[in-house]
$ cat entry.tsv   # TSV, C-alpha atoms
chain	number	residue	atom	x	y	z
A	1	ALA	CA	30.88	64.18	-52.69
A	2	GLY	CA	29.42	63.16	-49.36
A	3	GLY	CA	29.37	60.49	-46.73
A	4	TYR	CA	26.88	58.85	-44.44
A	5	PHE	CA	27.67	56.97	-41.25
A	6	TRP	CA	25.10	55.84	-38.75
A	7	TYR	CA	24.57	53.37	-35.99
A	8	THR	CA	21.49	51.44	-34.96
A	9	LYS	CA	21.19	49.27	-31.87
A	10	ALA	CA	19.13	46.07	-32.00
A	11	ALA	CA	15.75	46.52	-30.37
A	12	ASN	CA	14.46	42.97	-30.37
A	13	GLY	CA	17.22	40.70	-29.09
A	14	THR	CA	19.86	38.93	-31.19
A	15	THR	CA	20.02	36.59	-34.14
A	16	PRO	CA	21.62	33.13	-33.75
A	17	ALA	CA	25.08	33.01	-35.29
A	18	VAL	CA	24.52	29.82	-37.27
A	19	SER	CA	20.94	28.60	-36.96
A	20	LEU	CA	18.36	30.99	-38.41
A	21	ALA	CA	15.40	28.80	-37.47
A	22	GLY	CA	12.43	30.76	-36.23
A	23	GLN	CA	13.85	34.12	-37.25
A	24	ALA	CA	10.75	35.27	-39.12
A	25	ALA	CA	10.07	38.83	-40.19
A	26	SER	CA	7.16	39.17	-37.76
A	27	THR	CA	8.71	42.21	-36.06
A	28	ILE	CA	8.87	44.11	-39.35
A	29	ASP	CA	5.84	45.83	-40.85
A	30	LEU	CA	6.15	44.80	-44.49
A	31	ASP	CA	2.95	46.61	-45.50
A	32	ASN	CA	2.04	44.03	-48.14
A	33	GLY	CA	0.42	41.17	-46.24
A	34	ASP	CA	3.64	39.21	-45.66
A	35	GLU	CA	4.36	40.20	-42.07
A	36	ASP	CA	4.56	36.52	-41.03
A	37	ILE	CA	6.81	34.89	-43.58
A	38	ASP	CA	7.32	31.24	-42.64
A	39	TRP	CA	11.00	30.90	-43.45
A	40	GLU	CA	11.08	27.35	-42.08
A	41	ALA	CA	8.69	26.33	-44.86
A	42	LEU	CA	11.15	27.62	-47.46
A	43	PRO	CA	14.48	25.99	-48.34
A	44	THR	CA	17.72	27.10	-46.70
A	45	THR	CA	20.88	27.02	-48.83
A	46	ASN	CA	24.43	27.52	-47.59
A	47	VAL	CA	26.51	29.36	-50.19
A	48	ALA	CA	30.27	29.86	-50.17
A	49	LEU	CA	30.84	32.88	-52.40
A	50	GLY	CA	33.46	32.71	-55.12
A	51	ASN	CA	34.56	34.48	-58.28
A	52	SER	CA	31.33	33.82	-60.19
A	53	GLU	CA	28.19	35.93	-59.83
A	54	LEU	CA	25.59	34.43	-57.52
A	55	ASN	CA	22.21	34.57	-59.28
A	56	ILE	CA	19.30	33.70	-56.98
A	57	THR	CA	16.11	32.68	-58.77
A	58	THR	CA	14.33	30.64	-56.07
A	59	ALA	CA	12.64	31.80	-52.88
A	60	GLY	CA	14.20	30.86	-49.56
A	61	THR	CA	17.04	31.64	-47.17
A	62	TYR	CA	20.62	31.85	-48.43
A	63	VAL	CA	23.33	31.77	-45.76
A	64	LEU	CA	26.33	33.47	-47.38
A	65	THR	CA	29.98	33.13	-46.42
A	66	GLY	CA	33.23	34.08	-48.14
A	67	THR	CA	34.20	36.71	-50.69
A	68	THR	CA	33.12	37.58	-54.20
A	69	THR	CA	34.09	40.26	-56.71
A	70	ALA	CA	31.25	39.35	-59.10
A	71	GLY	CA	28.25	40.54	-57.11
A	72	ILE	CA	24.85	39.00	-56.31
A	73	THR	CA	21.56	39.26	-58.19
A	74	VAL	CA	18.09	38.24	-57.01
A	75	ASN	CA	15.34	37.57	-59.55
A	76	THR	CA	12.31	35.68	-58.26
A	77	ASP	CA	8.64	36.25	-57.48
A	78	GLY	CA	9.02	34.82	-53.96
A	79	ASN	CA	10.50	35.89	-50.62
A	80	VAL	CA	14.29	35.84	-50.25
A	81	ARG	CA	16.40	36.16	-47.12
A	82	LEU	CA	20.13	36.80	-47.50
A	83	ALA	CA	21.90	35.92	-44.23
A	84	LEU	CA	25.30	37.61	-44.30
A	85	ASN	CA	27.68	35.47	-42.28
A	86	GLY	CA	30.96	37.36	-42.49
A	87	VAL	CA	31.00	38.18	-46.20
A	88	THR	CA	32.75	40.61	-48.50
A	89	ILE	CA	30.66	41.31	-51.61
A	90	ARG	CA	32.13	43.50	-54.32
A	91	ASN	CA	31.42	44.02	-57.99
A	92	ALA	CA	33.90	45.55	-60.41
A	93	ASP	CA	31.17	46.25	-62.99
A	94	GLY	CA	28.19	47.70	-61.11
A	95	ALA	CA	26.00	47.21	-58.04
A	96	ALA	CA	27.31	44.67	-55.55
A	97	VAL	CA	23.81	43.42	-54.69
A	98	HIS	CA	21.09	43.90	-57.33
A	99	ILE	CA	17.58	42.75	-56.45
A	100	GLN	CA	15.89	42.77	-59.83
A	101	SER	CA	12.67	41.22	-58.56
A	102	ALA	CA	11.36	39.66	-55.33
A	103	ASN	CA	8.22	39.78	-53.26
A	104	ASN	CA	10.25	40.74	-50.19
A	105	THR	CA	13.99	40.66	-49.63
A	106	ILE	CA	15.39	40.51	-46.09
A	107	ILE	CA	19.11	41.11	-45.60
A	108	GLN	CA	19.96	39.65	-42.20
A	109	LEU	CA	23.25	40.32	-40.43
A	110	VAL	CA	24.25	37.19	-38.53
A	111	ASP	CA	25.07	37.80	-34.88
A	112	GLY	CA	28.62	39.02	-34.27
A	113	THR	CA	29.66	39.13	-37.93
A	114	GLN	CA	31.41	41.86	-39.90
A	115	ASN	CA	30.18	42.22	-43.49
A	116	ILE	CA	31.34	44.46	-46.34
A	117	ILE	CA	29.49	45.44	-49.52
A	118	GLU	CA	31.15	47.68	-52.11
A	119	ASP	CA	30.23	48.63	-55.67
A	120	ALA	CA	32.14	49.85	-58.72
A	121	ALA	CA	32.79	53.51	-59.45
A	122	THR	CA	31.46	53.10	-63.02
A	123	ARG	CA	28.80	50.96	-64.74
A	124	VAL	CA	27.03	50.52	-68.04
A	125	ASP	CA	23.51	50.88	-66.62
A	126	GLN	CA	23.71	54.07	-64.59
A	127	SER	CA	20.09	53.78	-63.45
A	128	ILE	CA	21.24	51.01	-61.08
A	129	ASP	CA	22.95	53.66	-59.02
A	130	ALA	CA	23.53	52.10	-55.59
A	131	ALA	CA	25.87	49.56	-54.03
A	132	ILE	CA	22.73	47.68	-52.86
A	133	TYR	CA	19.88	48.31	-55.30
A	134	SER	CA	16.41	46.80	-55.04
A	135	ALA	CA	13.44	47.11	-57.38
A	136	ASP	CA	11.12	45.84	-54.62
A	137	ASP	CA	10.67	45.95	-50.83
A	138	LEU	CA	13.97	45.65	-48.94
A	139	THR	CA	14.37	45.17	-45.18
A	140	PHE	CA	17.50	44.87	-43.03
A	141	ASN	CA	17.70	43.14	-39.66
A	142	GLY	CA	20.00	41.03	-37.47
A	143	SER	CA	22.66	41.92	-34.94
A	144	GLY	CA	25.85	41.89	-36.98
A	145	THR	CA	27.61	44.81	-38.67
A	146	LEU	CA	27.37	45.88	-42.31
A	147	THR	CA	29.81	48.29	-43.94
A	148	VAL	CA	28.63	49.69	-47.29
A	149	ARG	CA	30.99	51.66	-49.53
A	150	ALA	CA	29.24	53.34	-52.44
A	151	ASN	CA	31.73	54.47	-55.07
A	152	PHE	CA	29.26	55.45	-57.82
A	153	ALA	CA	26.34	57.25	-56.13
A	154	ASP	CA	23.99	55.94	-53.41
A	155	ALA	CA	24.76	53.29	-50.80
A	156	ILE	CA	21.38	51.54	-50.37
A	157	ALA	CA	18.40	52.26	-52.62
A	158	SER	CA	14.99	50.72	-53.14
A	159	SER	CA	12.38	51.53	-55.76
A	160	ASP	CA	9.82	50.45	-53.15
A	161	ASP	CA	10.03	50.38	-49.34
A	162	LEU	CA	13.37	50.45	-47.51
A	163	LYS	CA	13.33	49.50	-43.82
A	164	PHE	CA	15.76	48.76	-41.00
A	165	SER	CA	14.79	46.98	-37.77
A	166	SER	CA	18.18	46.31	-36.17
A	167	GLY	CA	21.88	46.02	-36.87
A	168	THR	CA	24.97	48.22	-37.02
A	169	TYR	CA	25.65	50.07	-40.28
A	170	ASN	CA	28.75	51.96	-41.43
A	171	ILE	CA	27.90	53.71	-44.66
A	172	THR	CA	29.94	55.97	-46.94
A	173	SER	CA	28.58	57.20	-50.24
A	174	VAL	CA	29.26	59.57	-53.11
A	175	ASP	CA	25.61	60.64	-53.00
A	176	ASP	CA	22.70	59.58	-50.74
A	177	GLY	CA	23.29	57.07	-47.96
A	178	LEU	CA	19.75	55.65	-48.04
A	179	ARG	CA	16.98	56.09	-50.60
A	180	GLY	CA	13.52	54.55	-50.54
A	181	ARG	CA	10.96	55.39	-53.21
A	182	GLU	CA	7.86	54.73	-51.12
A	183	GLN	CA	9.28	55.09	-47.65
A	184	ALA	CA	12.58	54.87	-45.82
A	185	ARG	CA	12.37	54.29	-42.11
A	186	CYS	CA	13.95	52.61	-39.12
A	187	LEU	CA	12.20	50.55	-36.49
A	188	VAL	CA	14.97	50.54	-33.90
A	189	ALA	CA	15.38	51.80	-30.38
A	190	ASP	CA	18.18	54.21	-31.22
A	191	LEU	CA	19.23	56.12	-34.30
A	192	VAL	CA	22.32	58.23	-33.71
A	193	ALA	CA	24.07	60.16	-36.47
A	194	LEU	CA	27.81	60.02	-35.88
A	195	LEU	CA	30.65	60.97	-38.26
A	196	PRO	CA	29.70	63.33	-39.80
A	197	ARG	CA	26.40	64.84	-38.68
A	198	VAL	CA	24.35	64.14	-41.76
A	199	PRO	CA	21.84	66.58	-43.30
A	200	CYS	CA	18.35	65.33	-44.01
A	201	ASP	CA	18.97	64.75	-47.70
A	202	ARG	CA	21.36	61.92	-46.88
A	203	VAL	CA	18.22	59.87	-46.24
A	204	GLU	CA	16.01	60.55	-49.22
A	205	ARG	CA	12.52	59.62	-50.34
A	206	GLU	CA	9.52	61.35	-51.88
A	207	ARG	CA	8.69	62.90	-48.49
A	208	ARG	CA	11.98	63.50	-46.75
A	209	TRP	CA	12.62	61.72	-43.45
A	210	CYS	CA	15.43	61.94	-40.98
A	211	GLY	CA	16.18	62.35	-37.31
A	212	ALA	CA	13.62	60.67	-35.06
A	213	VAL	CA	12.88	56.98	-35.14
A	214	ALA	CA	9.63	56.09	-36.92
A	215	SER	CA	7.36	53.47	-35.42
$ encode --input "entry.tsv" --output "structure tokens"
Amino acid sequence: AGGYFWYTKAANGTTPAVSLAGQAASTIDLDNGDEDIDWEALPTTNVALGNSELNITTAGTYVLTGTTTAGITVNTDGNVRLALNGVTIRNADGAAVHIQSANNTIIQLVDGTQNIIEDAATRVDQSIDAAIYSADDLTFNGSGTLTVRANFADAIASSDDLKFSSGTYNITSVDDGLRGREQARCLVADLVALLPRVPCDRVERERRWCGAVAS
């Protein structure tokens, strides 16, 4: 068993608490030609989470509030932004957030909010082995706080790129804290390992990375 806790301080200002207008991903190197996603050209949907699974199949921004115990899935060929506005997302049967397919997924922490994501300790498909699991590029930003509790294995995993540009993250996991297949890196001003001091294999990829901030 192991744990991973780390803190990152926003490097590029703050994110509006309610309005997300103009908050493009231009400060994030997405490495696939989509550095300037025009979110204003895509629909924005406000979603109050409930007891049913939220299944996202259309590109756009989804501003999430409330609590769910049924998890969230994303399955689209477009760009999706999940704006976490004080949510608790749990799943009793598997991953709490499962991105099955998307061109890019941005998880944005709304300014000043506290957000919790927690998965189940068991699941039928054990290959989906993280509380937040993405088959494609996954990027985190914003200036809120995200607590991830991984009860099965890893906390946040991507089969492609995994990147962080800002935010505060409290992560505990049975296995790896972060895992990116292609690359796992942070684009923030500060990266400080706190409780406990975490060995390099808590942040795992094909070529191991930890310690200094990548740019």
$ axis_aligned_box --input "entry.tsv" --around "segment 159-175 of chain A" --padding-each-side "3 Å" --output "JSON"
{"center_x": 19.9, "center_y": 53.3, "center_z": -46.0, "size_x": 26.1, "size_y": 20.6, "size_z": 25.6}
$ atom_distance --input "entry.tsv" --atom1 "atom CA of Thr172 of chain A" --atom2 "atom CA of Val80 of chain A"
25.7 Å
$ atom_distance --input "entry.tsv" --atom1 "atom CA of Thr65 of chain A" --atom2 "atom CA of Asp137 of chain A"
23.6 Å
$ atom_distance --input "entry.tsv" --atom1 "atom CA of Gln114 of chain A" --atom2 "atom CA of Asn55 of chain A"
22.7 Å
$ closest_residue --input "entry.tsv" --among "A:Val87, A:Ala70, A:Ala157, A:Ala135" --to "Ala120 of chain A" --atoms "only C-alpha atoms"
A:Ala70
$ closest_residue --input "entry.tsv" --among "A:Asp77, A:Asp38, A:Asp129, A:Asp161" --to "His98 of chain A" --atoms "all atoms listed in the file"
A:Asp129
$ closest_residue --input "entry.tsv" --among "A:Gly78, A:Asn141, A:Ala92, A:Asp136" --to "Leu109 of chain A" --atoms "all atoms listed in the file"
A:Asn141
$ closest_residue --input "entry.tsv" --among "A:Thr67, A:Thr45, A:Ser101, A:Thr147" --to "Leu82 of chain A" --atoms "all atoms listed in the file"
A:Thr45
$ residues_around --input "entry.tsv" --residues "Asn75 of chain A" --least-positions-apart "5" --cutoff "7 Å" --atoms "only C-alpha atoms" --output "NGL selection string"
:A and (56-57 or 99-102)
$ closest_residue --input "entry.tsv" --among "A:Asp36, A:Leu49, A:Thr139, A:Ala130" --to "Arg81 of chain A" --atoms "all atoms listed in the file"
A:Thr139
$ residues_around --input "entry.tsv" --residues "Asn85 of chain A" --least-positions-apart "4" --cutoff "9 Å" --atoms "all atoms listed in the file" --output "MDAnalysis selection string"
chainID A and resid 17:18 63:66 108:115 144
$ residues_around --input "entry.tsv" --residues "Asp154 of chain A" --least-positions-apart "2" --cutoff "8 Å" --atoms "all atoms listed in the file" --output "list in words"
Asp129, Ala130, Ala131, Ala150, Phe152, Ile156, Ala157, Ser173, Val174, Asp175, Asp176, Gly177, Leu178 and Arg179 of chain A
$ residues_near_point --input "entry.tsv" --point "(18.0, 46.3, -39.8)" --cutoff "7 Å" --atoms "only C-alpha atoms" --output "NGL selection string"
:A and (139-142 or 163-167)
$ closest_residue --input "entry.tsv" --among "A:Ser134, A:Asn104, A:Thr68, A:Thr145" --to "Ser159 of chain A" --atoms "all atoms listed in the file"
A:Ser134
$ residues_near_point --input "entry.tsv" --point "(22.4, 40.3, -56.8)" --cutoff "6 Å" --atoms "all atoms listed in the file" --output "list in words"
Gly71, Ile72, Thr73, Val74, Val97, His98 and Ile99 of chain A
$ write_last_selection --input "entry.tsv" --atoms "C-alpha atoms" --output "PDB file, keeping the file's coordinate frame"
ATOM      1  CA  GLY A  71      28.250  40.540 -57.110  1.00  0.00           C
ATOM      2  CA  ILE A  72      24.850  39.000 -56.310  1.00  0.00           C
ATOM      3  CA  THR A  73      21.560  39.260 -58.190  1.00  0.00           C
ATOM      4  CA  VAL A  74      18.090  38.240 -57.010  1.00  0.00           C
ATOM      5  CA  VAL A  97      23.810  43.420 -54.690  1.00  0.00           C
ATOM      6  CA  HIS A  98      21.090  43.900 -57.330  1.00  0.00           C
ATOM      7  CA  ILE A  99      17.580  42.750 -56.450  1.00  0.00           C
TER       8      ILE A  99
END
